[in-house]
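Asks: Mind having a look at this structure? Questions to follow.
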Amino acid sequence: RDANDEDDLSSFPRNQLKYGIPVTYQKYQPPTNCSYNLLDAQFSYLNDWIFHNATSVTANLFQAGRKKNYGFMDNKFTMMYLPTKPDNLANWLECFNRAASTKPAGVEQEGYTHYTWQSIVPIPRSNLTQQLINKYKSNEKHGFCDAPIVEDHASYPGPLAVDLQTIFPKIAALAGLRKDKRVPKGWISFNRRKDTGTGDLQYDLVICKGNARESRKSKAPKGLAFEGENQHESVEEPLFQISNGIEVRGLHDLFCVVEGLLRTL
């Protein structure tokens, strides 16, 4: 017998597409020495950026196929794009956390934004090259086109006392930071938006693998976060695609949901 027989495919659960929430799914609970909102507190700027500061947010995390795109996020005002790969999960999140802390021009002084859009391209100092400096920092204009240099997470006050790759091993495998027999390299695409009719929050979560589709060549100027747009659509069937029946209340919650889903593979 094999999964191509006309028998009930429930006999072969690992061969089924994971649309919706798998029957065996349980939200992952990290070890007891971890706070229930560990990531929300450690990466508070990013948590607020995704879950509190805007009503429509798209967050793509990890490398899109073979593209030099290690994450792209958009809240309809600010775009954040990571063009180089950090060496661990904490540094990955720290790049977006520092990007999310970058204020638009005008907000702090005049109380309103000077521009209708902001580009942020964080660059890990450990990966800094002259090529990246020339491309992203040569035309930097603070509060409009930013390219902050981000230190390792451990360099900032109050760093994590635990290893995220140990706490979230399946997510680390998805990010390509460790090997796992069941979890392929891939990425997370998360969308949070408010329903215009009911005002209720809606969530879409897709966990992808394999290659990403080729996007139309952007006409936007080089060296901006626009470079990372429309690159996280998978060519292959997703590992999981969930649009209903799930609530994600913060960054830590998102990681627990994704880790739990990956553990059903």
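Labeling convention for the structure tokens: chains A, B, ... as they appear, residues from 1 per chain, ligands from 1 in order of appearance.
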From range 43-97 of chain A, collect each residue whose DSSP state is strand (DSSP E) and return the set as a list of chain:residue names.
Replies: A:Ser56, A:Val57, A:Thr58, A:Ala59, A:Asn60, A:Leu61, A:Gly71, A:Phe72, A:Met73, A:Asp74, A:Thr78, A:Met79, A:Met80, A:Tyr81
Asks: Do you know which residues are at most 10 Å from Ile167 in chain A counting only C-alpha atoms, after dropping those on the same chain fewer than 5 positions away, and could you put them as a list of chain:residue names?
Replies: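 Contacts, in chain order: A:Gln29, A:Pro30, A:Pro31, A:Cys34, A:Val162, A:Ala172, A:Cys256, A:Glu259.
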Asks: Kindly export the residues of the current selection with all heavy atoms, as an mmCIF file, in the first residue's frame.
Replies:
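Output file out-v5.cif is given in full below:
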```
data_model
loop_
_atom_site.group_PDB
_atom_site.id
_atom_site.type_symbol
_atom_site.label_atom_id
_atom_site.label_comp_id
_atom_site.auth_asym_id
_atom_site.auth_seq_id
_atom_site.Cartn_x
_atom_site.Cartn_y
_atom_site.Cartn_z
ATOM 1 N N GLN A 29 4.540 24.667 24.403
ATOM 2 C CA GLN A 29 4.807 25.297 25.688
ATOM 3 C C GLN A 29 6.309 25.220 25.970
ATOM 4 O O GLN A 29 6.841 24.124 26.162
ATOM 5 C CB GLN A 29 4.036 24.581 26.803
ATOM 6 C CG GLN A 29 2.523 24.631 26.648
ATOM 7 C CD GLN A 29 1.982 26.052 26.798
ATOM 8 O OE1 GLN A 29 2.534 26.866 27.526
ATOM 9 N NE2 GLN A 29 0.891 26.332 26.097
ATOM 10 N N PRO A 30 7.015 26.363 25.963
ATOM 11 C CA PRO A 30 8.458 26.329 26.244
ATOM 12 C C PRO A 30 8.734 25.817 27.655
ATOM 13 O O PRO A 30 7.816 25.704 28.482
ATOM 14 C CB PRO A 30 8.865 27.808 26.114
ATOM 15 C CG PRO A 30 7.810 28.415 25.258
ATOM 16 C CD PRO A 30 6.542 27.700 25.632
ATOM 17 N N PRO A 31 9.993 25.496 27.940
ATOM 18 C CA PRO A 31 10.361 25.024 29.284
ATOM 19 C C PRO A 31 9.904 25.991 30.373
ATOM 20 O O PRO A 31 9.745 27.197 30.136
ATOM 21 C CB PRO A 31 11.891 24.933 29.219
ATOM 22 C CG PRO A 31 12.189 24.759 27.769
ATOM 23 C CD PRO A 31 11.143 25.534 27.027
ATOM 24 N N CYS A 34 11.190 29.597 31.169
ATOM 25 C CA CYS A 34 10.978 30.683 30.215
ATOM 26 C C CYS A 34 9.695 31.433 30.548
ATOM 27 O O CYS A 34 8.670 30.827 30.847
ATOM 28 C CB CYS A 34 10.879 30.134 28.789
ATOM 29 S SG CYS A 34 12.396 29.372 28.213
ATOM 30 N N VAL A 162 18.754 32.568 27.768
ATOM 31 C CA VAL A 162 18.522 31.231 27.225
ATOM 32 C C VAL A 162 18.817 31.247 25.724
ATOM 33 O O VAL A 162 18.843 32.297 25.088
ATOM 34 C CB VAL A 162 17.059 30.791 27.461
ATOM 35 C CG1 VAL A 162 16.796 30.569 28.940
ATOM 36 C CG2 VAL A 162 16.079 31.805 26.895
ATOM 37 N N ALA A 172 14.198 26.912 14.464
ATOM 38 C CA ALA A 172 15.602 27.066 14.084
ATOM 39 C C ALA A 172 15.919 26.242 12.834
ATOM 40 O O ALA A 172 16.668 26.681 11.961
ATOM 41 C CB ALA A 172 16.511 26.649 15.236
ATOM 42 N N CYS A 256 5.282 30.132 19.455
ATOM 43 C CA CYS A 256 4.734 28.925 20.084
ATOM 44 C C CYS A 256 3.777 28.199 19.142
ATOM 45 O O CYS A 256 3.747 26.973 19.072
ATOM 46 C CB CYS A 256 4.034 29.268 21.393
ATOM 47 S SG CYS A 256 5.175 29.732 22.736
ATOM 48 N N GLU A 259 6.018 26.667 16.279
ATOM 49 C CA GLU A 259 6.754 25.516 16.808
ATOM 50 C C GLU A 259 5.822 24.323 16.996
ATOM 51 O O GLU A 259 6.172 23.174 16.662
ATOM 52 C CB GLU A 259 7.430 25.882 18.121
ATOM 53 C CG GLU A 259 8.258 24.777 18.755
ATOM 54 C CD GLU A 259 9.596 24.510 18.074
ATOM 55 O OE1 GLU A 259 10.054 25.363 17.296
ATOM 56 O OE2 GLU A 259 10.188 23.447 18.343
#
```
Asks: I need the residues in range 28-123 of chain A that are alpha helix (DSSP H) according to DSSP; give them as a PDB file with N, CA, C and O atoms, in the first residue's frame.
Replies:
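Below is the file result30.pdb, written as the result:
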```pdb
ATOM      1  N   LEU A  38       8.231  35.779  26.782  1.00  0.00           N
ATOM      2  CA  LEU A  38       9.674  36.027  26.684  1.00  0.00           C
ATOM      3  C   LEU A  38      10.042  36.882  25.469  1.00  0.00           C
ATOM      4  O   LEU A  38      10.732  37.893  25.597  1.00  0.00           O
ATOM      5  N   LEU A  39       9.563  36.513  24.294  1.00  0.00           N
ATOM      6  CA  LEU A  39       9.932  37.238  23.084  1.00  0.00           C
ATOM      7  C   LEU A  39       9.275  38.607  23.024  1.00  0.00           C
ATOM      8  O   LEU A  39       9.863  39.552  22.496  1.00  0.00           O
ATOM      9  N   ASP A  40       8.064  38.728  23.560  1.00  0.00           N
ATOM     10  CA  ASP A  40       7.390  40.032  23.577  1.00  0.00           C
ATOM     11  C   ASP A  40       8.208  41.047  24.357  1.00  0.00           C
ATOM     12  O   ASP A  40       8.314  42.221  23.971  1.00  0.00           O
ATOM     13  N   ALA A  41       8.783  40.602  25.477  1.00  0.00           N
ATOM     14  CA  ALA A  41       9.552  41.504  26.336  1.00  0.00           C
ATOM     15  C   ALA A  41      10.944  41.777  25.768  1.00  0.00           C
ATOM     16  O   ALA A  41      11.414  42.916  25.774  1.00  0.00           O
ATOM     17  N   GLN A  42      11.603  40.740  25.251  1.00  0.00           N
ATOM     18  CA  GLN A  42      12.971  40.902  24.757  1.00  0.00           C
ATOM     19  C   GLN A  42      13.034  41.693  23.455  1.00  0.00           C
ATOM     20  O   GLN A  42      13.996  42.415  23.203  1.00  0.00           O
ATOM     21  N   SER A  44      10.599  43.982  22.242  1.00  0.00           N
ATOM     22  CA  SER A  44       9.357  44.731  22.459  1.00  0.00           C
ATOM     23  C   SER A  44       9.024  45.675  21.304  1.00  0.00           C
ATOM     24  O   SER A  44       7.848  45.881  20.987  1.00  0.00           O
ATOM     25  N   TYR A  45      10.047  46.269  20.681  1.00  0.00           N
ATOM     26  CA  TYR A  45       9.762  47.170  19.549  1.00  0.00           C
ATOM     27  C   TYR A  45       9.122  46.398  18.396  1.00  0.00           C
ATOM     28  O   TYR A  45       8.147  46.843  17.796  1.00  0.00           O
ATOM     29  N   LEU A  46       9.669  45.235  18.103  1.00  0.00           N
ATOM     30  CA  LEU A  46       9.125  44.410  17.024  1.00  0.00           C
ATOM     31  C   LEU A  46       7.741  43.895  17.388  1.00  0.00           C
ATOM     32  O   LEU A  46       6.829  43.884  16.546  1.00  0.00           O
ATOM     33  N   ASN A  47       7.572  43.474  18.627  1.00  0.00           N
ATOM     34  CA  ASN A  47       6.262  42.994  19.062  1.00  0.00           C
ATOM     35  C   ASN A  47       5.198  44.074  18.905  1.00  0.00           C
ATOM     36  O   ASN A  47       4.099  43.819  18.385  1.00  0.00           O
ATOM     37  N   ASP A  48       5.511  45.289  19.342  1.00  0.00           N
ATOM     38  CA  ASP A  48       4.554  46.391  19.208  1.00  0.00           C
ATOM     39  C   ASP A  48       4.307  46.727  17.740  1.00  0.00           C
ATOM     40  O   ASP A  48       3.179  47.026  17.347  1.00  0.00           O
ATOM     41  N   TRP A  49       5.352  46.688  16.939  1.00  0.00           N
ATOM     42  CA  TRP A  49       5.243  47.030  15.517  1.00  0.00           C
ATOM     43  C   TRP A  49       4.281  46.090  14.807  1.00  0.00           C
ATOM     44  O   TRP A  49       3.451  46.513  13.996  1.00  0.00           O
ATOM     45  N   ILE A  50       4.363  44.795  15.124  1.00  0.00           N
ATOM     46  CA  ILE A  50       3.510  43.808  14.462  1.00  0.00           C
ATOM     47  C   ILE A  50       2.116  43.765  15.065  1.00  0.00           C
ATOM     48  O   ILE A  50       1.112  43.688  14.337  1.00  0.00           O
ATOM     49  N   PHE A  51       2.008  43.854  16.389  1.00  0.00           N
ATOM     50  CA  PHE A  51       0.749  43.522  17.054  1.00  0.00           C
ATOM     51  C   PHE A  51      -0.011  44.701  17.648  1.00  0.00           C
ATOM     52  O   PHE A  51      -1.173  44.538  18.034  1.00  0.00           O
ATOM     53  N   LEU A  89      18.870  32.837  15.993  1.00  0.00           N
ATOM     54  CA  LEU A  89      17.505  33.360  16.072  1.00  0.00           C
ATOM     55  C   LEU A  89      17.428  34.677  16.819  1.00  0.00           C
ATOM     56  O   LEU A  89      16.691  35.583  16.425  1.00  0.00           O
ATOM     57  N   ALA A  90      18.178  34.791  17.926  1.00  0.00           N
ATOM     58  CA  ALA A  90      18.140  36.029  18.707  1.00  0.00           C
ATOM     59  C   ALA A  90      18.621  37.214  17.877  1.00  0.00           C
ATOM     60  O   ALA A  90      18.011  38.294  17.893  1.00  0.00           O
ATOM     61  N   ASN A  91      19.705  37.031  17.134  1.00  0.00           N
ATOM     62  CA  ASN A  91      20.217  38.117  16.296  1.00  0.00           C
ATOM     63  C   ASN A  91      19.270  38.426  15.142  1.00  0.00           C
ATOM     64  O   ASN A  91      19.150  39.575  14.707  1.00  0.00           O
ATOM     65  N   TRP A  92      18.585  37.397  14.640  1.00  0.00           N
ATOM     66  CA  TRP A  92      17.615  37.586  13.566  1.00  0.00           C
ATOM     67  C   TRP A  92      16.495  38.507  14.044  1.00  0.00           C
ATOM     68  O   TRP A  92      16.142  39.498  13.393  1.00  0.00           O
ATOM     69  N   LEU A  93      15.940  38.183  15.203  1.00  0.00           N
ATOM     70  CA  LEU A  93      14.852  39.005  15.752  1.00  0.00           C
ATOM     71  C   LEU A  93      15.360  40.386  16.149  1.00  0.00           C
ATOM     72  O   LEU A  93      14.632  41.376  16.018  1.00  0.00           O
ATOM     73  N   GLU A  94      16.608  40.460  16.622  1.00  0.00           N
ATOM     74  CA  GLU A  94      17.153  41.760  17.035  1.00  0.00           C
ATOM     75  C   GLU A  94      17.279  42.708  15.848  1.00  0.00           C
ATOM     76  O   GLU A  94      17.082  43.919  15.987  1.00  0.00           O
ATOM     77  N   CYS A  95      17.603  42.174  14.686  1.00  0.00           N
ATOM     78  CA  CYS A  95      17.682  43.036  13.502  1.00  0.00           C
ATOM     79  C   CYS A  95      16.355  43.735  13.246  1.00  0.00           C
ATOM     80  O   CYS A  95      16.306  44.955  13.027  1.00  0.00           O
ATOM     81  N   PHE A  96      15.272  42.987  13.289  1.00  0.00           N
ATOM     82  CA  PHE A  96      13.961  43.591  13.072  1.00  0.00           C
ATOM     83  C   PHE A  96      13.512  44.415  14.272  1.00  0.00           C
ATOM     84  O   PHE A  96      12.785  45.399  14.124  1.00  0.00           O
ATOM     85  N   ASN A  97      13.956  44.025  15.465  1.00  0.00           N
ATOM     86  CA  ASN A  97      13.605  44.793  16.653  1.00  0.00           C
ATOM     87  C   ASN A  97      14.209  46.200  16.586  1.00  0.00           C
ATOM     88  O   ASN A  97      13.538  47.201  16.872  1.00  0.00           O
ATOM     89  N   ARG A  98      15.482  46.283  16.200  1.00  0.00           N
ATOM     90  CA  ARG A  98      16.136  47.596  16.082  1.00  0.00           C
ATOM     91  C   ARG A  98      15.557  48.392  14.923  1.00  0.00           C
ATOM     92  O   ARG A  98      15.434  49.616  14.994  1.00  0.00           O
ATOM     93  N   ALA A  99      15.210  47.710  13.854  1.00  0.00           N
ATOM     94  CA  ALA A  99      14.562  48.399  12.737  1.00  0.00           C
ATOM     95  C   ALA A  99      13.224  48.986  13.178  1.00  0.00           C
ATOM     96  O   ALA A  99      12.891  50.137  12.864  1.00  0.00           O
ATOM     97  N   ALA A 100      12.460  48.208  13.947  1.00  0.00           N
ATOM     98  CA  ALA A 100      11.143  48.657  14.406  1.00  0.00           C
ATOM     99  C   ALA A 100      11.240  49.826  15.382  1.00  0.00           C
ATOM    100  O   ALA A 100      10.270  50.572  15.568  1.00  0.00           O
TER     101      ALA A 100
END
```
Asks: Please determine, counting only C-alpha atoms, which residue among A:Ile149, A:Leu160, A:Ile21, A:Ala64 has the shortest atom-to-atom distance to Pro124 in chain A.
Replies: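 Answer, going by the shortest atom-to-atom distance: A:Ile149.
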Asks: Taking a cut-off of 9 Å and counting only C-alpha atoms, can you build a table that, for each residue of range 41-117 of chain A near range 201-215 of chain A, reports the nearest atom pair and how far apart they are in Å (one decimal), sorted by chain then residue number, as CSV?
Replies:
```
residue,atom,partner,partner_atom,distance
A:Thr55,CA,A:Leu201,CA,8.2
A:Ala64,CA,A:Ala212,CA,5.6
A:Gly65,CA,A:Asn211,CA,4.1
A:Arg66,CA,A:Asn211,CA,6.6
A:Lys67,CA,A:Ala212,CA,7.8
```
Asks: Can those selected residues be exported to a file as a short mmCIF file (atom, residue, chain, number, x, y, z; two decimals), in the first residue's frame so that it contains C-alpha atoms?
Replies:
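Written file, again_23.cif:
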```
data_model
loop_
_atom_site.label_atom_id
_atom_site.label_comp_id
_atom_site.auth_asym_id
_atom_site.auth_seq_id
_atom_site.Cartn_x
_atom_site.Cartn_y
_atom_site.Cartn_z
CA THR A 55 -4.12 47.50 11.93
CA ALA A 64 12.64 33.19 0.79
CA GLY A 65 13.91 30.16 -1.12
CA ARG A 66 17.37 30.97 -2.48
CA LYS A 67 16.83 34.72 -2.62
#
```
Asks: For the atom pair CA of His232 in chain A and CA of Lys68 in chain A, what is the interatomic distance in Å to one decimal place?
Replies: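 For CA of His232 in chain A relative to CA of Lys68 in chain A, the distance reads 11.3 Å.
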Asks: Quick one: pull the distance between CA of Tyr156 in chain A and CA of Leu128 in chain A, Å, one decimal.
Replies: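 Between CA of Tyr156 in chain A and CA of Leu128 in chain A the gap is 18.1 Å.
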Asks: Let me make sure I understand: among A:Asn88, A:Pro104, A:Asn37, A:Leu239, which one has the smallest atom-to-atom distance to Arg182 in chain A if we use only C-alpha atoms?
Replies: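 Closest to Arg182 in chain A of all the choices is A:Leu239.
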Asks: Taking only C-alpha atoms into account, name the residue in A:Ser189, A:Ala154, A:His142, A:Leu61 that is nearest to His114 in chain A.
Replies: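 Checking each of A:Ser189, A:Ala154, A:His142, A:Leu61 against His114 in chain A, counting only C-alpha atoms, the winner is A:His142.
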Asks: Quick one: of A:Pro148, A:Gly158, A:Gly186, A:Gly71, who's nearest to Lys170 in chain A, counting only C-alpha atoms?
Replies: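 So, comparing all the options, the nearest one is A:Gly186.
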Asks: What is the distance between CA of Lys217 in chain A and CA of Tyr136 in chain A, in Å to one decimal?
Replies: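 Between these atoms lies a distance of 18.5 Å.
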Asks: Find the spatial neighbours of Trp117 in chain A, counting only C-alpha atoms, within a cut-off of 6 Å - ignore same-chain residues fewer than 2 positions away - and output them as JSON, numbers by chain.
Replies: {"A": [77, 78, 115]}
Asks: Please save all heavy atoms of the selected residues as a compact mmCIF listing (two decimals), in the first residue's frame.
Replies:
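File selection-v9.txt, as written:
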```
# COMPACT_ATOMS: atom_id res chain seq x y z
N PHE A 77 2.93 51.58 6.09
CA PHE A 77 3.65 52.85 6.22
C PHE A 77 5.15 52.61 6.18
O PHE A 77 5.89 53.27 5.46
CB PHE A 77 3.28 53.57 7.52
CG PHE A 77 4.04 54.86 7.72
CD1 PHE A 77 3.63 56.03 7.11
CD2 PHE A 77 5.20 54.89 8.49
CE1 PHE A 77 4.35 57.22 7.26
CE2 PHE A 77 5.92 56.07 8.65
CZ PHE A 77 5.49 57.24 8.03
N THR A 78 5.59 51.63 6.94
CA THR A 78 7.01 51.30 7.01
C THR A 78 7.27 49.93 6.43
O THR A 78 6.55 48.98 6.73
CB THR A 78 7.51 51.34 8.47
OG1 THR A 78 7.34 52.65 9.00
CG2 THR A 78 8.99 50.96 8.56
N TYR A 115 6.97 62.28 6.10
CA TYR A 115 6.81 61.53 4.85
C TYR A 115 5.65 60.56 4.97
O TYR A 115 5.15 60.28 6.06
CB TYR A 115 8.11 60.77 4.53
CG TYR A 115 9.33 61.65 4.50
CD1 TYR A 115 10.20 61.71 5.58
CD2 TYR A 115 9.62 62.44 3.38
CE1 TYR A 115 11.32 62.53 5.56
CE2 TYR A 115 10.74 63.27 3.35
CZ TYR A 115 11.59 63.31 4.44
OH TYR A 115 12.70 64.11 4.42
```
